[in-house]
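Engineer: One structure, pasted below without further comment.
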Amino acid sequence: MNQKQKKLVIGCLIGAIVLMVAFFGIGWFMMEENKKKLGDAAPAPIAEEPAATPAPTADPHEGMVQSTLNGKWVKPSVENKRPFAVMINNIEYAFLRQSGVSKADVVYEALAEGGITRMMAVYQDVAGIREIGSVRSARHYYVQLAYEWDAIFCHFGQTKYAVSKMNHLGTENLSGLSAIGPVVYARNYSVAAPHNVYTSGKKLKKGAKQMGYSLKKRSGRQAEHFQFYETNTDLADGETAKNITIPFSDYSTCTMKYSKKQKKYLKSEYRKKHMDQHSKKQLAFHNVIIQIVVESNKDHNGYQTMELSDNKGKGYYFTNGKGIPIRWERKGTSGSVRMVYYTEDGETLKVNPGKTYIAVYPKNRGKLIRYE
């Protein structure tokens with residue numbers, strides 16, 4: 001190859017190399033420009049899901065009403081049931097053999113005679129209660145207390161004063177000494193008379209039906225008594241009351257011991273736990289009321305009387321280990337009765353849902369009440 005040909009070959013090679021460099025340079029430049037364009041471009045928006053509409057909170061009490069006896073949420077058919085009020089024997093021998101009292105929604109206790117107390121158990125619904133007793137005789141102030149609830153009054157025996165009061169008030173009652181007695185009551189002969197009369201929810205309803213008594217609550221007949229919180233609520237004020245002593249007499253002293261675990265007061269008497277022998281449960285209450293009344297002997301037999309009609313007085317309310325002073329006022333002796341418990345500032349007393357114990361307690365022993 002001559003010199004001229006060599007120069008031509010070298011020139012071609014150099015031209016080819018230049019073209020290749022230019023080609024790759026242009027390609028690199030275009031790639032960098034595309035990267036910049038992609039980097040500067042705004043990211044595509046991410047579609048957001050529409051916010052879910054929160055489901056309405058279900059009302060846990062829908063279709064229910066609050067019981068006027070125990071404050072629990074119940075079906076209207078239960079609230080519309082007419083209460084039964086049963087006289088309960090509480091002399092010490094009978095106290096040890098009581099049945100069905102732990103099922104009551106409200107329990108009253110008051111002096112009868114000779115220092116003994118008698119109780120009245122008020123039930124909103126007696127269905128399914130297999131044994132209640134022992135059932136004892138009526139006293140006229142218990143007739144008045146049962147009347148406040150428009151309850152069918154159940155008793156085995158009565159004083160002449162009780163008969164007079166029932167006649168005056170037109171009390172619908174189931175007396176063990178009347179023709180309906182064998183239908184409603186039966187003796188348990190393993191227990192000494194006269195402390196051995198018992199009944200049941202089934203027998204009470206059967207007797208009431210045979211007597212033609214309404215088993216449905218009668219409008220406007222039941223006194224207000226108190227209102228209920230929707231849920232268990234501590235007293236905002238008040239004094240510590242873990243232990244309450246209610247000395248009705250030298251013979252009978254009721255004590256209440258607060259159980260923080262159960263949030264209830266556990267009842268004792270005669271220095272023994274107050275047990276329901278049928279359920280094997282100690283009587284326990286969310287609410288304890290002491291209603292202080294003027295009390296005196298009615299006659300030479302020692303029968304008591306309590307000044308309730310068109311009257312007012314003071315008392316105490318205890319719940320959740322604390323207590324406050326209260327007032328009460330009762331107006332009316334027949335027709336409709338207005339009986340209400342109040343706080344000291346005049347508001348209707350609110351109590352916790354659950355069972356209530358009411359001691360109708362003599363004013364002349366008021367200084368003996370203790371709580372700590």
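Residues in the structure tokens are named by chain (A, B, ... in the order shown) and by number from 1 within that chain; ligands are numbered from 1 in the order shown.
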Show me, as a PyMOL selection string, the residues that have an atom within 12 Å of Asp234 of chain A when counting only C-alpha atoms, minus same-chain residues fewer than 4 positions from it.

Structural biologist: chain A and resi 229+238-240+263+286-287+318-324+350-353

Engineer: Quick one: pick out all strand (DSSP E) residues within segment 215-344 of chain A from a backbone DSSP run and write them as a ChimeraX atom specification.

Structural biologist: /A:227-228,239-240,243-247,253-259,264-269,272-273,275-276,281-282,284-285,287-293,295-297,304-306,311-319,322-331,338-343

Engineer: Any idea what's packed within 12 Å of Met275 of chain A, counting only C-alpha atoms, ignoring anything in its chain fewer than 5 positions away? Could you give it as a PDB file with N, CA, C and O atoms, in the first residue's frame?

Structural biologist:
```
ATOM      1  N   ASN A  90     -89.700 -12.018 111.161  1.00  0.00           N
ATOM      2  CA  ASN A  90     -88.282 -11.772 111.386  1.00  0.00           C
ATOM      3  C   ASN A  90     -87.856 -11.981 112.840  1.00  0.00           C
ATOM      4  O   ASN A  90     -86.786 -11.538 113.236  1.00  0.00           O
ATOM      5  N   ALA A  94     -87.512 -17.454 113.169  1.00  0.00           N
ATOM      6  CA  ALA A  94     -87.950 -17.393 111.771  1.00  0.00           C
ATOM      7  C   ALA A  94     -86.870 -16.795 110.874  1.00  0.00           C
ATOM      8  O   ALA A  94     -86.722 -17.195 109.705  1.00  0.00           O
ATOM      9  N   PHE A  95     -86.120 -15.847 111.398  1.00  0.00           N
ATOM     10  CA  PHE A  95     -85.007 -15.227 110.682  1.00  0.00           C
ATOM     11  C   PHE A  95     -84.048 -16.291 110.133  1.00  0.00           C
ATOM     12  O   PHE A  95     -83.519 -16.171 109.025  1.00  0.00           O
ATOM     13  N   LEU A  96     -83.844 -17.338 110.916  1.00  0.00           N
ATOM     14  CA  LEU A  96     -82.924 -18.407 110.517  1.00  0.00           C
ATOM     15  C   LEU A  96     -83.526 -19.331 109.464  1.00  0.00           C
ATOM     16  O   LEU A  96     -82.828 -20.205 108.934  1.00  0.00           O
ATOM     17  N   ARG A  97     -84.800 -19.127 109.130  1.00  0.00           N
ATOM     18  CA  ARG A  97     -85.498 -20.038 108.210  1.00  0.00           C
ATOM     19  C   ARG A  97     -86.235 -19.272 107.099  1.00  0.00           C
ATOM     20  O   ARG A  97     -87.201 -19.778 106.536  1.00  0.00           O
ATOM     21  N   GLN A  98     -85.779 -18.088 106.794  1.00  0.00           N
ATOM     22  CA  GLN A  98     -86.429 -17.290 105.756  1.00  0.00           C
ATOM     23  C   GLN A  98     -86.080 -17.792 104.365  1.00  0.00           C
ATOM     24  O   GLN A  98     -84.983 -18.293 104.120  1.00  0.00           O
ATOM     25  N   SER A  99     -87.029 -17.620 103.451  1.00  0.00           N
ATOM     26  CA  SER A  99     -86.823 -18.005 102.055  1.00  0.00           C
ATOM     27  C   SER A  99     -87.387 -16.922 101.135  1.00  0.00           C
ATOM     28  O   SER A  99     -88.407 -16.302 101.436  1.00  0.00           O
ATOM     29  N   GLY A 100     -86.716 -16.718 100.019  1.00  0.00           N
ATOM     30  CA  GLY A 100     -87.235 -15.844  98.968  1.00  0.00           C
ATOM     31  C   GLY A 100     -87.031 -14.359  99.180  1.00  0.00           C
ATOM     32  O   GLY A 100     -87.310 -13.566  98.273  1.00  0.00           O
ATOM     33  N   VAL A 101     -86.523 -13.959 100.351  1.00  0.00           N
ATOM     34  CA  VAL A 101     -86.376 -12.530 100.625  1.00  0.00           C
ATOM     35  C   VAL A 101     -85.270 -11.916  99.763  1.00  0.00           C
ATOM     36  O   VAL A 101     -85.342 -10.752  99.378  1.00  0.00           O
ATOM     37  N   SER A 102     -84.257 -12.689  99.428  1.00  0.00           N
ATOM     38  CA  SER A 102     -83.159 -12.167  98.595  1.00  0.00           C
ATOM     39  C   SER A 102     -83.634 -11.829  97.183  1.00  0.00           C
ATOM     40  O   SER A 102     -82.939 -11.121  96.446  1.00  0.00           O
ATOM     41  N   LYS A 103     -84.812 -12.305  96.795  1.00  0.00           N
ATOM     42  CA  LYS A 103     -85.353 -12.030  95.464  1.00  0.00           C
ATOM     43  C   LYS A 103     -86.140 -10.720  95.421  1.00  0.00           C
ATOM     44  O   LYS A 103     -86.504 -10.242  94.337  1.00  0.00           O
ATOM     45  N   LEU A 266     -74.042  -5.883 102.788  1.00  0.00           N
ATOM     46  CA  LEU A 266     -74.441  -7.227 103.199  1.00  0.00           C
ATOM     47  C   LEU A 266     -75.092  -7.140 104.582  1.00  0.00           C
ATOM     48  O   LEU A 266     -74.490  -6.622 105.530  1.00  0.00           O
ATOM     49  N   LYS A 267     -76.290  -7.669 104.687  1.00  0.00           N
ATOM     50  CA  LYS A 267     -77.095  -7.513 105.902  1.00  0.00           C
ATOM     51  C   LYS A 267     -76.844  -8.631 106.914  1.00  0.00           C
ATOM     52  O   LYS A 267     -76.729  -9.805 106.537  1.00  0.00           O
ATOM     53  N   SER A 268     -76.794  -8.238 108.184  1.00  0.00           N
ATOM     54  CA  SER A 268     -76.737  -9.188 109.296  1.00  0.00           C
ATOM     55  C   SER A 268     -77.729  -8.746 110.359  1.00  0.00           C
ATOM     56  O   SER A 268     -78.143  -7.581 110.413  1.00  0.00           O
ATOM     57  N   GLU A 269     -78.109  -9.688 111.194  1.00  0.00           N
ATOM     58  CA  GLU A 269     -78.987  -9.396 112.334  1.00  0.00           C
ATOM     59  C   GLU A 269     -78.789 -10.510 113.362  1.00  0.00           C
ATOM     60  O   GLU A 269     -78.366 -11.616 112.999  1.00  0.00           O
ATOM     61  N   TYR A 270     -79.079 -10.208 114.599  1.00  0.00           N
ATOM     62  CA  TYR A 270     -78.850 -11.184 115.675  1.00  0.00           C
ATOM     63  C   TYR A 270     -77.402 -11.695 115.658  1.00  0.00           C
ATOM     64  O   TYR A 270     -77.131 -12.854 115.969  1.00  0.00           O
ATOM     65  N   LYS A 280     -79.587 -19.718  99.485  1.00  0.00           N
ATOM     66  CA  LYS A 280     -78.299 -19.804 100.176  1.00  0.00           C
ATOM     67  C   LYS A 280     -77.459 -18.538  99.955  1.00  0.00           C
ATOM     68  O   LYS A 280     -76.228 -18.573  99.953  1.00  0.00           O
ATOM     69  N   LYS A 281     -78.123 -17.406  99.801  1.00  0.00           N
ATOM     70  CA  LYS A 281     -77.449 -16.131  99.597  1.00  0.00           C
ATOM     71  C   LYS A 281     -77.722 -15.192 100.767  1.00  0.00           C
ATOM     72  O   LYS A 281     -78.836 -15.166 101.313  1.00  0.00           O
ATOM     73  N   GLN A 282     -76.695 -14.403 101.113  1.00  0.00           N
ATOM     74  CA  GLN A 282     -76.885 -13.378 102.131  1.00  0.00           C
ATOM     75  C   GLN A 282     -77.623 -12.195 101.507  1.00  0.00           C
ATOM     76  O   GLN A 282     -77.391 -11.843 100.348  1.00  0.00           O
ATOM     77  N   LEU A 283     -78.547 -11.609 102.274  1.00  0.00           N
ATOM     78  CA  LEU A 283     -79.266 -10.458 101.768  1.00  0.00           C
ATOM     79  C   LEU A 283     -78.282  -9.328 101.487  1.00  0.00           C
ATOM     80  O   LEU A 283     -77.435  -9.003 102.332  1.00  0.00           O
ATOM     81  N   ALA A 284     -78.373  -8.736 100.296  1.00  0.00           N
ATOM     82  CA  ALA A 284     -77.417  -7.714  99.860  1.00  0.00           C
ATOM     83  C   ALA A 284     -78.162  -6.606  99.127  1.00  0.00           C
ATOM     84  O   ALA A 284     -79.086  -6.868  98.348  1.00  0.00           O
TER      85      ALA A 284
END
```

Engineer: Go ahead and compute the interatomic distance for atom CA of Tyr361 of chain A and atom CA of Asp345 of chain A, in Å to one decimal.

Structural biologist: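 Separation between atom CA of Tyr361 of chain A and atom CA of Asp345 of chain A: 22.3 Å.
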
Engineer: Where does segment 289-360 of chain A meet segment 111-133 of chain A within 9 Å, residue by residue, with the nearest atom pair and distance in Å to one decimal for each, counting only C-alpha atoms, listed by chain and rising number, as a Markdown table?

Structural biologist:
```
| residue | atom | partner | partner_atom | distance |
| --- | --- | --- | --- | --- |
| A:Asn297 | CA | A:Glu113 | CA | 8.4 |
| A:Asn301 | CA | A:Glu113 | CA | 8.1 |
| A:Gly302 | CA | A:Glu113 | CA | 5.5 |
| A:Tyr303 | CA | A:Glu113 | CA | 5.3 |
| A:Gln304 | CA | A:Ala112 | CA | 6.0 |
| A:Thr305 | CA | A:Ala112 | CA | 8.7 |
| A:Val360 | CA | A:Leu111 | CA | 8.0 |
```

Engineer: What does the structure give for the distance between atom CA of Lys165 of chain A and atom CA of Ala208 of chain A, in Å to one decimal?

Structural biologist: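 Between these atoms lies a distance of 19.8 Å.
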
Engineer: Using only C-alpha atoms, which protein or nucleic acid residues come within 10 Å of Gly170 of chain A? Drop anything in the same chain fewer than 3 positions from it, and give the result as a ChimeraX atom specification.

Structural biologist: /A:147,164-167,173,334-335

Engineer: Would you mind exporting the chosen residues as an mmCIF file, in the first residue's frame, restricted to C-alpha atoms?

Structural biologist:
```
data_model
loop_
_atom_site.group_PDB
_atom_site.id
_atom_site.type_symbol
_atom_site.label_atom_id
_atom_site.label_comp_id
_atom_site.auth_asym_id
_atom_site.auth_seq_id
_atom_site.Cartn_x
_atom_site.Cartn_y
_atom_site.Cartn_z
ATOM 1 C CA TYR A 147 -100.246 1.027 99.300
ATOM 2 C CA SER A 164 -109.361 -0.938 109.515
ATOM 3 C CA LYS A 165 -106.576 0.513 107.372
ATOM 4 C CA MET A 166 -107.163 -2.012 104.559
ATOM 5 C CA ASN A 167 -110.874 -1.222 104.580
ATOM 6 C CA ASN A 173 -104.926 -8.350 99.807
ATOM 7 C CA SER A 334 -106.279 7.444 100.073
ATOM 8 C CA GLY A 335 -106.587 7.580 96.305
#
```

Engineer: Hey, can you check how far atom CA of Ala146 of chain A sits from atom CA of Lys203 of chain A?

Structural biologist: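 Separating atom CA of Ala146 of chain A from atom CA of Lys203 of chain A is a distance of 19.0 Å.
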
Engineer: Hey, what's within 8 Å of Arg221 of chain A if we count only C-alpha atoms and toss same-chain stuff fewer than 6 positions away? As a PDB file with C-alpha atoms, in the first residue's frame, please?

Structural biologist:
```pdb
ATOM      1  CA  GLU A 148     -97.465   3.389  98.157  1.00  0.00           C
ATOM      2  CA  TRP A 149     -96.427   0.754  95.595  1.00  0.00           C
ATOM      3  CA  ASP A 150    -100.014  -0.209  94.648  1.00  0.00           C
ATOM      4  CA  GLY A 335    -106.587   7.580  96.305  1.00  0.00           C
ATOM      5  CA  SER A 336    -103.077   8.434  95.148  1.00  0.00           C
ATOM      6  CA  VAL A 337    -100.269   8.903  97.669  1.00  0.00           C
TER       7      VAL A 337
END
```

Engineer: For His168 of chain A, which residue out of A:Thr333, A:Met256, A:Tyr141, A:Trp73 is the nearest one, using only C-alpha atoms?

Structural biologist: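 With only C-alpha atoms as the atom set, the closest residue is A:Thr333.
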